[in-house]
$ cat model_38.txt   # compact mmCIF, C-alpha atoms
# COMPACT_ATOMS: atom_id res chain seq x y z
CA MET A 847 -4.18 26.10 -30.78
CA PRO A 848 -4.60 22.41 -29.92
CA ARG A 849 -1.48 20.39 -29.20
CA THR A 850 -0.70 17.57 -31.58
CA ALA A 851 0.01 14.16 -30.10
CA PRO A 852 3.66 13.06 -30.27
CA PRO A 853 4.39 10.42 -32.89
CA ALA A 854 4.18 6.86 -31.60
CA PHE A 855 7.56 5.31 -30.83
CA ASP A 856 8.37 2.61 -33.38
CA GLU A 857 10.82 0.32 -31.63
CA ARG A 858 11.27 -1.76 -34.75
CA ARG A 859 12.92 1.14 -36.62
CA GLN A 860 15.52 1.54 -33.88
CA LEU A 861 16.76 -2.06 -34.10
CA GLU A 862 18.82 -3.99 -36.63
CA LEU A 863 17.19 -7.20 -37.81
CA PHE A 864 18.84 -10.39 -36.54
CA ARG A 865 18.02 -13.40 -38.70
CA SER A 866 18.18 -16.70 -36.88
CA VAL A 867 20.30 -19.56 -38.18
CA PRO A 868 18.78 -23.04 -38.29
CA GLY A 869 20.84 -25.84 -36.84
CA ASP A 870 21.46 -28.08 -33.87
CA LEU A 871 22.61 -25.33 -31.52
CA ALA A 872 23.31 -26.11 -27.87
CA PRO A 873 20.20 -25.16 -25.84
CA ARG A 874 20.87 -22.27 -23.46
CA ASP A 875 18.56 -21.14 -20.71
CA ALA A 876 18.54 -17.80 -18.87
CA GLN A 877 19.66 -18.28 -15.26
CA ASP A 878 17.16 -15.80 -13.85
CA LEU A 879 14.31 -17.72 -15.48
CA MET A 880 15.66 -20.99 -14.07
CA THR A 881 15.80 -19.64 -10.53
CA TRP A 882 12.60 -17.68 -9.97
CA PRO A 883 8.84 -18.22 -10.55
CA PHE A 884 8.06 -16.46 -13.81
CA PHE A 885 5.72 -18.93 -15.57
CA SER A 886 2.58 -20.95 -15.04
CA LEU A 887 3.32 -24.66 -14.57
CA ALA A 888 -0.22 -25.70 -15.55
CA LYS A 889 -1.48 -26.72 -18.97
CA SER A 890 -4.86 -25.17 -18.20
CA LYS A 891 -5.27 -21.40 -18.53
CA ARG A 892 -4.00 -19.48 -15.50
CA THR A 893 -5.15 -15.94 -14.85
CA ALA A 894 -4.30 -15.77 -11.12
CA PRO A 895 -1.14 -13.62 -10.72
CA ILE A 896 2.18 -14.72 -9.28
CA ASP A 897 3.16 -12.49 -6.35
CA PHE A 898 6.53 -13.67 -5.05
CA ARG A 899 8.62 -12.16 -2.25
CA MET A 900 11.86 -13.55 -0.84
CA GLY A 901 14.14 -11.17 1.02
CA GLU A 902 14.76 -8.20 -1.24
CA THR A 903 13.77 -10.10 -4.37
CA TRP A 904 10.23 -9.66 -5.60
CA ILE A 905 8.38 -10.71 -8.74
CA SER A 906 4.87 -9.93 -9.93
CA VAL A 907 3.47 -11.72 -12.99
CA GLU A 908 0.06 -10.81 -14.38
CA ALA A 909 -2.00 -12.30 -17.19
CA VAL A 910 -4.94 -11.12 -19.26
CA PRO A 911 -8.09 -13.27 -19.28
CA GLU A 912 -8.10 -13.56 -23.07
CA HIS A 913 -4.80 -15.46 -23.29
CA GLY A 914 -3.84 -16.47 -19.77
CA MET A 915 -0.34 -16.46 -18.27
CA ALA A 916 2.71 -17.56 -20.27
CA THR A 917 3.53 -21.17 -19.41
CA ILE A 918 6.76 -23.04 -18.89
CA TRP A 919 6.18 -24.64 -22.34
CA ASP A 920 5.88 -21.16 -23.87
CA ALA A 921 9.30 -20.41 -22.35
CA ASP A 922 10.80 -22.82 -24.92
CA VAL A 923 10.61 -19.88 -27.35
CA LEU A 924 12.87 -17.89 -25.01
CA ILE A 925 15.30 -20.83 -24.73
CA TRP A 926 15.44 -20.93 -28.54
CA ALA A 927 16.06 -17.15 -28.65
CA ALA A 928 18.78 -17.29 -25.99
CA SER A 929 20.49 -20.15 -27.83
CA GLN A 930 20.48 -18.19 -31.09
CA ILE A 931 21.84 -15.02 -29.50
CA VAL A 932 24.61 -16.72 -27.51
CA GLU A 933 25.72 -18.79 -30.51
CA ALA A 934 25.90 -15.68 -32.72
CA ARG A 935 27.65 -13.60 -30.06
CA ASP A 936 30.30 -16.28 -29.49
CA ALA A 937 30.85 -16.50 -33.26
CA GLY A 938 31.36 -12.73 -33.47
CA ARG A 939 28.15 -12.09 -35.41
CA PRO A 940 25.97 -9.07 -34.53
CA THR A 941 22.75 -9.76 -32.67
CA SER A 942 19.62 -7.78 -31.92
CA ARG A 943 16.42 -7.90 -29.91
CA LEU A 944 14.54 -7.86 -33.23
CA MET A 945 14.63 -11.44 -34.51
CA ALA A 946 13.38 -12.93 -37.77
CA THR A 947 12.72 -16.65 -38.01
CA THR A 948 10.13 -19.20 -39.12
CA PRO A 949 7.66 -21.18 -37.01
CA HIS A 950 9.14 -24.36 -38.49
CA GLU A 951 12.59 -23.47 -37.14
CA ILE A 952 11.34 -22.85 -33.59
CA LEU A 953 9.12 -25.93 -33.54
CA THR A 954 11.81 -28.32 -34.77
CA TYR A 955 14.40 -26.85 -32.40
CA VAL A 956 12.24 -27.45 -29.31
CA GLY A 957 11.18 -30.92 -30.41
CA ARG A 958 7.60 -30.18 -31.48
CA GLY A 959 5.72 -31.40 -34.53
CA THR A 960 5.25 -29.14 -37.54
CA GLY A 961 1.61 -29.80 -38.34
CA ARG A 962 -1.04 -27.08 -38.52
CA ASP A 963 -2.07 -27.62 -34.89
CA ASN A 964 1.51 -27.07 -33.73
CA TYR A 965 1.73 -23.84 -35.72
CA ASP A 966 -1.49 -22.63 -34.14
CA ARG A 967 -0.25 -23.54 -30.65
CA LEU A 968 2.98 -21.65 -31.30
CA LYS A 969 1.01 -18.54 -32.21
CA CYS A 970 -0.99 -18.89 -28.99
CA ALA A 971 2.30 -19.20 -27.08
CA LEU A 972 3.58 -15.99 -28.69
CA ASP A 973 0.35 -14.24 -27.73
CA ARG A 974 0.74 -15.34 -24.09
CA LEU A 975 4.39 -14.28 -24.02
CA GLN A 976 3.43 -10.87 -25.41
CA SER A 977 0.42 -10.28 -23.16
CA THR A 978 1.92 -11.53 -19.87
CA THR A 979 3.45 -8.65 -17.90
CA VAL A 980 6.28 -9.01 -15.41
CA ALA A 981 7.51 -6.57 -12.78
CA THR A 982 10.63 -7.45 -10.81
CA SER A 983 13.49 -6.12 -8.71
CA ILE A 984 15.95 -8.67 -10.14
CA ARG A 985 19.04 -7.08 -11.68
CA GLN A 986 17.95 -3.62 -10.59
CA GLN A 987 20.65 -1.49 -8.99
CA HIS A 988 18.19 -0.45 -6.29
CA GLN A 989 15.95 -3.31 -5.16
CA ARG A 990 12.93 -1.06 -4.75
CA ARG A 991 13.10 0.01 -8.36
CA ARG A 992 10.42 -1.57 -10.56
CA HIS A 993 11.25 -2.98 -14.01
CA ARG A 994 8.12 -3.92 -15.97
CA PHE A 995 8.11 -5.74 -19.31
CA SER A 996 6.51 -8.51 -21.37
CA TRP A 997 8.43 -11.57 -22.54
CA ILE A 998 7.92 -10.41 -26.13
CA ASN A 999 7.42 -6.72 -26.83
CA GLU A 1000 5.62 -7.49 -30.08
CA TRP A 1001 5.48 -10.11 -32.80
CA GLN A 1002 4.08 -10.29 -36.31
CA GLU A 1003 3.76 -12.65 -39.24
CA ARG A 1004 5.52 -11.68 -42.45
CA LEU A 1005 3.76 -12.28 -45.79
CA ASP A 1006 4.83 -11.89 -49.41
CA ALA A 1007 2.88 -9.89 -52.00
CA SER A 1008 0.61 -12.88 -52.60
CA GLY A 1009 -0.18 -13.31 -48.92
CA ARG A 1010 1.96 -16.41 -48.47
CA PRO A 1011 3.75 -16.66 -45.09
CA LEU A 1012 7.45 -15.81 -45.04
CA GLY A 1013 8.04 -16.21 -41.32
CA ILE A 1014 7.69 -14.22 -38.13
CA GLU A 1015 9.46 -11.32 -36.46
CA LEU A 1016 9.56 -10.73 -32.72
CA ILE A 1017 11.13 -8.20 -30.39
CA LEU A 1018 12.64 -9.39 -27.10
CA PRO A 1019 12.53 -7.15 -24.00
CA ASP A 1020 15.72 -5.40 -22.98
CA TRP A 1021 15.70 -7.06 -19.52
CA PHE A 1022 15.88 -10.54 -21.06
CA TYR A 1023 18.30 -9.61 -23.84
CA ALA A 1024 20.74 -7.86 -21.50
CA GLY A 1025 20.84 -10.86 -19.18
CA ILE A 1026 21.88 -13.29 -21.90
CA HIS A 1027 23.93 -11.07 -24.23
CA GLU A 1028 25.68 -8.55 -22.00
CA ARG A 1029 25.89 -10.35 -18.67
CA GLY A 1030 26.15 -13.89 -20.02
CA LEU A 1031 23.68 -15.20 -17.44
CA VAL A 1032 22.98 -18.45 -19.30
CA LEU A 1033 23.53 -22.15 -18.73
CA THR A 1034 23.57 -24.97 -21.26
CA ILE A 1035 20.76 -27.43 -20.65
CA ASP A 1036 20.24 -31.01 -21.79
CA ARG A 1037 18.27 -31.27 -25.03
CA ALA A 1038 16.20 -34.00 -23.35
CA TYR A 1039 14.60 -31.18 -21.33
CA PHE A 1040 12.23 -30.59 -24.25
CA ASP A 1041 10.93 -34.16 -23.85
CA LEU A 1042 9.72 -33.52 -20.30
CA THR A 1043 5.94 -33.33 -20.42
CA GLY A 1044 4.99 -32.19 -16.92
CA GLY A 1045 5.13 -28.55 -15.88
CA LEU A 1046 6.48 -29.36 -12.41
CA GLU A 1047 9.23 -31.66 -13.69
CA ARG A 1048 10.26 -29.07 -16.29
CA TRP A 1049 10.47 -26.41 -13.57
CA LEU A 1050 12.32 -28.84 -11.30
CA TYR A 1051 14.93 -29.63 -13.96
CA ARG A 1052 15.67 -25.94 -14.44
CA ILE A 1053 16.13 -25.23 -10.75
CA VAL A 1054 18.18 -28.41 -10.27
CA ARG A 1055 20.40 -27.50 -13.25
CA LYS A 1056 20.87 -23.97 -11.90
CA HIS A 1057 21.66 -24.87 -8.29
CA GLY A 1058 23.07 -28.39 -8.61
CA GLY A 1059 25.22 -27.85 -11.67
CA ARG A 1060 27.94 -30.47 -11.75
CA GLN A 1061 28.72 -30.39 -8.03
CA SER A 1062 29.65 -33.94 -7.04
CA GLY A 1063 28.06 -33.55 -3.63
CA GLY A 1064 24.78 -32.34 -5.07
CA TRP A 1065 22.40 -29.91 -3.42
CA SER A 1066 19.19 -29.99 -1.42
CA PHE A 1067 16.14 -27.83 -0.68
CA ASP A 1068 13.35 -27.97 1.84
CA VAL A 1069 10.20 -29.05 0.04
CA SER A 1070 8.35 -26.06 1.49
CA HIS A 1071 11.04 -23.74 0.08
CA LEU A 1072 10.67 -25.34 -3.36
CA HIS A 1073 6.91 -24.90 -3.15
CA LEU A 1074 7.36 -21.18 -2.54
CA LYS A 1075 9.84 -20.80 -5.40
CA SER A 1076 7.62 -22.66 -7.88
CA GLY A 1077 4.80 -20.12 -7.81
CA ALA A 1078 2.39 -23.07 -8.19
CA LEU A 1079 -1.24 -22.65 -7.19
CA SER A 1080 -1.48 -26.13 -5.66
CA PRO A 1081 -1.27 -26.37 -1.84
CA LEU A 1082 1.95 -27.60 -0.23
CA LYS A 1083 0.51 -31.05 0.48
CA ARG A 1084 -0.37 -31.61 -3.17
CA PHE A 1085 2.95 -30.15 -4.33
CA ALA A 1086 4.88 -32.55 -2.05
CA PHE A 1087 2.82 -35.50 -3.32
CA GLU A 1088 3.64 -34.65 -6.94
CA LEU A 1089 7.31 -34.13 -6.05
CA ARG A 1090 7.55 -37.60 -4.51
CA ALA A 1091 6.02 -39.06 -7.68
CA ILE A 1092 8.71 -37.35 -9.76
CA VAL A 1093 11.40 -38.78 -7.47
CA ARG A 1094 9.99 -42.27 -8.03
CA ARG A 1095 10.07 -41.82 -11.82
CA GLN A 1096 13.55 -40.17 -11.96
CA PRO A 1097 12.78 -38.33 -15.24
CA LEU A 1098 15.34 -35.49 -15.03
CA PRO A 1099 18.15 -35.90 -17.57
CA GLY A 1100 21.58 -35.93 -15.94
CA TYR A 1101 20.42 -35.92 -12.31
CA THR A 1102 19.27 -38.30 -9.61
CA LEU A 1103 16.70 -37.25 -7.02
CA ALA A 1104 16.00 -38.40 -3.47
CA ILE A 1105 13.68 -37.43 -0.63
CA GLU A 1106 15.26 -37.04 2.81
CA HIS A 1107 13.74 -36.44 6.25
CA ALA A 1108 15.64 -34.62 8.98
CA PHE A 1109 14.49 -32.74 12.07
CA GLY A 1110 10.87 -33.14 11.04
CA ARG A 1111 11.42 -31.53 7.63
CA GLU A 1112 11.19 -33.05 4.17
CA ARG A 1113 13.98 -32.18 1.75
CA LEU A 1114 14.68 -32.90 -1.89
CA ARG A 1115 18.28 -33.87 -2.60
CA PHE A 1116 19.65 -33.96 -6.12
CA ALA A 1117 23.04 -34.83 -7.55
CA PRO A 1118 24.49 -35.10 -11.07
CA LEU A 1119 24.88 -38.51 -12.64
CA PRO A 1120 28.43 -39.53 -13.57
CA VAL A 1121 29.39 -38.27 -17.02
CA ASP A 1122 30.87 -40.72 -19.49
CA PRO A 1123 34.18 -39.16 -20.74
CA LEU A 1124 33.63 -40.36 -24.33
CA ASP A 1125 30.09 -38.98 -24.39
CA ALA A 1126 31.30 -35.65 -22.98
CA ALA A 1127 34.00 -35.41 -25.68
CA MET A 1128 31.46 -36.19 -28.39
CA ARG A 1129 29.16 -33.47 -27.06
CA ARG A 1130 31.98 -30.90 -27.09
CA LEU A 1131 32.68 -31.77 -30.73
CA LYS A 1132 28.93 -31.58 -31.44
CA LEU A 1133 28.91 -35.20 -32.58
CA LYS A 1134 26.18 -37.68 -31.79
CA SER A 1135 27.11 -40.03 -28.97
CA VAL A 1136 27.52 -43.70 -29.84
CA ASP A 1137 25.49 -46.34 -28.04
CA ASN A 1138 28.21 -48.74 -26.92
CA GLN A 1139 25.97 -50.93 -24.79
CA PRO A 1140 26.11 -54.69 -25.58
CA CYS A 1141 23.30 -56.10 -27.71

$ encode --input "model_38.txt" --output "structure tokens"
Amino acid sequence: MPRTAPPAFDERRQLELFRSVPGDLAPRDAQDLMTWPFFSLAKSKRTAPIDFRMGETWISVEAVPEHGMATIWDADVLIWAASQIVEARDAGRPTSRLMATTPHEILTYVGRGTGRDNYDRLKCALDRLQSTTVATSIRQQHQRRRHRFSWINEWQERLDASGRPLGIELILPDWFYAGIHERGLVLTIDRAYFDLTGGLERWLYRIVRKHGGRQSGGWSFDVSHLHLKSGALSPLKRFAFELRAIVRRQPLPGYTLAIEHAFGRERLRFAPLPVDPLDAAMRRLKLKSVDNQPC
């Protein structure tokens, strides 16, 4: 007698639906994603994998030719998701890896337009997040253990009986959800991050925010070390050239950058800008800061 195939596992049925709440929530980023090379920094399609090794930490990121690797702009969707989950958790509301929202809500939150082209680009971003696979030792009890996942397990558009769009549903991977909900491995980032247009400067802000924090003395990295941690395909010489250009522009919100040379090595030093006490108080109260500069 032939064996019947086991029924397919429907993850959606095992999860409670978490409906997002629109609003000006504080942007939160996952610390693991700020520290390690998980995304393409290029606007052009990348299919070459990321194969990163540093000590006992290793990361492998693979893309499919059809969609290419998830980019650092696609990661805005994950920042939106982390912000929703942390806000709900802190308010005592139940959360879930199964999230329901609208494209309009995600696009407006991350500072994008809401025209048809932006909706189409968001769908492409969701496809890249779903098709990019990650394997890593990070947060594994035994470093040799492999944890493999995609940034989105699945996503779908919801339609009414007439075929009109109602929104989208997506399922986050357990690795990402556990890091932000159970372990609280998140940091608040400046909303001006979404205005950064370059992949390298976006990546640089995240690593500066993670390592520099609000330490008055700042922090520094060898440029060659930063090149390794970026996962960028460009050679070190080109990477250093682009880094110096960023230092000249000083585009990172809340931080100042400088290039130093010591013992024949080039280093990037970064330090937080002084925080205005009134502006900090307004931010805590979720009020818009007042421009008190003279006319």

$ residues_around --input "model_38.txt" --residues "range 1095-1104 of chain A" --least-positions-apart "2" --cutoff "6 Å" --atoms "only C-alpha atoms" --output "PyMOL selection string"
chain A and resi 1051+1092-1093+1114-1119

$ residues_around --input "model_38.txt" --residues "Asp973 in chain A" --least-positions-apart "5" --cutoff "9 Å" --atoms "only C-alpha atoms" --output "PyMOL selection string"
chain A and resi 913+916+968+978+998+1000-1001

$ residues_around --input "model_38.txt" --residues "Thr948 in chain A" --least-positions-apart "5" --cutoff "9 Å" --atoms "all atoms listed in the file" --output "ChimeraX atom specification"
/A:866,953,1012-1015

$ closest_residue --input "model_38.txt" --among "A:Pro1011, A:Pro873, A:Pro1019, A:Gly914" --to "Glu857 in chain A" --atoms "all atoms listed in the file"
A:Pro1019

$ closest_residue --input "model_38.txt" --among "A:Thr979, A:Ser886, A:Pro949, A:Ala1108" --to "Asp963 in chain A" --atoms "only C-alpha atoms"
A:Pro949

$ axis_aligned_box --input "model_38.txt" --around "range 997-1015 of chain A" --padding-each-side "4 Å" --output "JSON"
{"center_x": 4.6, "center_y": -11.7, "center_z": -37.6, "size_x": 17.6, "size_y": 17.9, "size_z": 38.1}

$ residues_near_point --input "model_38.txt" --point "(14.3, -3.3, -21.4)" --cutoff "12 Å" --atoms "only C-alpha atoms" --output "PyMOL selection string"
chain A and resi 857+943+980-982+985-986+992-999+1017-1025

$ closest_residue --input "model_38.txt" --among "A:Asp936, A:Asp966, A:Asp1036, A:Glu1028" --to "His950 in chain A" --atoms "only C-alpha atoms"
A:Asp966

$ closest_atom_pairs --input "model_38.txt" --of "range 950-1017 of chain A" --to "range 918-924 of chain A" --cutoff "9 Å" --atoms "only C-alpha atoms" --output "JSON lines"
{"residue": "A:Ile952", "atom": "CA", "partner": "A:Val923", "partner_atom": "CA", "distance": 6.9}
{"residue": "A:Leu953", "atom": "CA", "partner": "A:Val923", "partner_atom": "CA", "distance": 8.8}
{"residue": "A:Val956", "atom": "CA", "partner": "A:Asp922", "partner_atom": "CA", "distance": 6.5}
{"residue": "A:Leu968", "atom": "CA", "partner": "A:Asp920", "partner_atom": "CA", "distance": 8.0}
{"residue": "A:Cys970", "atom": "CA", "partner": "A:Asp920", "partner_atom": "CA", "distance": 8.9}
{"residue": "A:Ala971", "atom": "CA", "partner": "A:Asp920", "partner_atom": "CA", "distance": 5.2}
{"residue": "A:Leu972", "atom": "CA", "partner": "A:Asp920", "partner_atom": "CA", "distance": 7.4}
{"residue": "A:Arg974", "atom": "CA", "partner": "A:Asp920", "partner_atom": "CA", "distance": 7.8}
{"residue": "A:Leu975", "atom": "CA", "partner": "A:Asp920", "partner_atom": "CA", "distance": 7.0}
{"residue": "A:Trp997", "atom": "CA", "partner": "A:Leu924", "partner_atom": "CA", "distance": 8.1}

$ closest_residue --input "model_38.txt" --among "A:Asp875, A:Ala1091, A:Leu1079, A:Val910" --to "Arg1055 in chain A" --atoms "only C-alpha atoms"
A:Asp875

$ residues_near_point --input "model_38.txt" --point "(23.7, -15.3, -19.8)" --cutoff "10 Å" --atoms "only C-alpha atoms" --output "list in words"
Arg874, Asp875, Ala876, Gln877, Asp878, Ala928, Ser929, Ile931, Val932, Phe1022, Tyr1023, Ala1024, Gly1025, Ile1026, His1027, Glu1028, Arg1029, Gly1030, Leu1031, Val1032, Leu1033 and Thr1034 of chain A

$ write_last_selection --input "model_38.txt" --atoms "C-alpha atoms" --output "CSV table (one decimal), in the frame of the given file"
chain,number,residue,atom,x,y,z
A,874,ARG,CA,20.9,-22.3,-23.5
A,875,ASP,CA,18.6,-21.1,-20.7
A,876,ALA,CA,18.5,-17.8,-18.9
A,877,GLN,CA,19.7,-18.3,-15.3
A,878,ASP,CA,17.2,-15.8,-13.8
A,928,ALA,CA,18.8,-17.3,-26.0
A,929,SER,CA,20.5,-20.2,-27.8
A,931,ILE,CA,21.8,-15.0,-29.5
A,932,VAL,CA,24.6,-16.7,-27.5
A,1022,PHE,CA,15.9,-10.5,-21.1
A,1023,TYR,CA,18.3,-9.6,-23.8
A,1024,ALA,CA,20.7,-7.9,-21.5
A,1025,GLY,CA,20.8,-10.9,-19.2
A,1026,ILE,CA,21.9,-13.3,-21.9
A,1027,HIS,CA,23.9,-11.1,-24.2
A,1028,GLU,CA,25.7,-8.6,-22.0
A,1029,ARG,CA,25.9,-10.4,-18.7
A,1030,GLY,CA,26.2,-13.9,-20.0
A,1031,LEU,CA,23.7,-15.2,-17.4
A,1032,VAL,CA,23.0,-18.4,-19.3
A,1033,LEU,CA,23.5,-22.2,-18.7
A,1034,THR,CA,23.6,-25.0,-21.3

$ atom_distance --input "model_38.txt" --atom1 "CA of Glu862 in chain A" --atom2 "CA of Thr954 in chain A"
25.4 Å
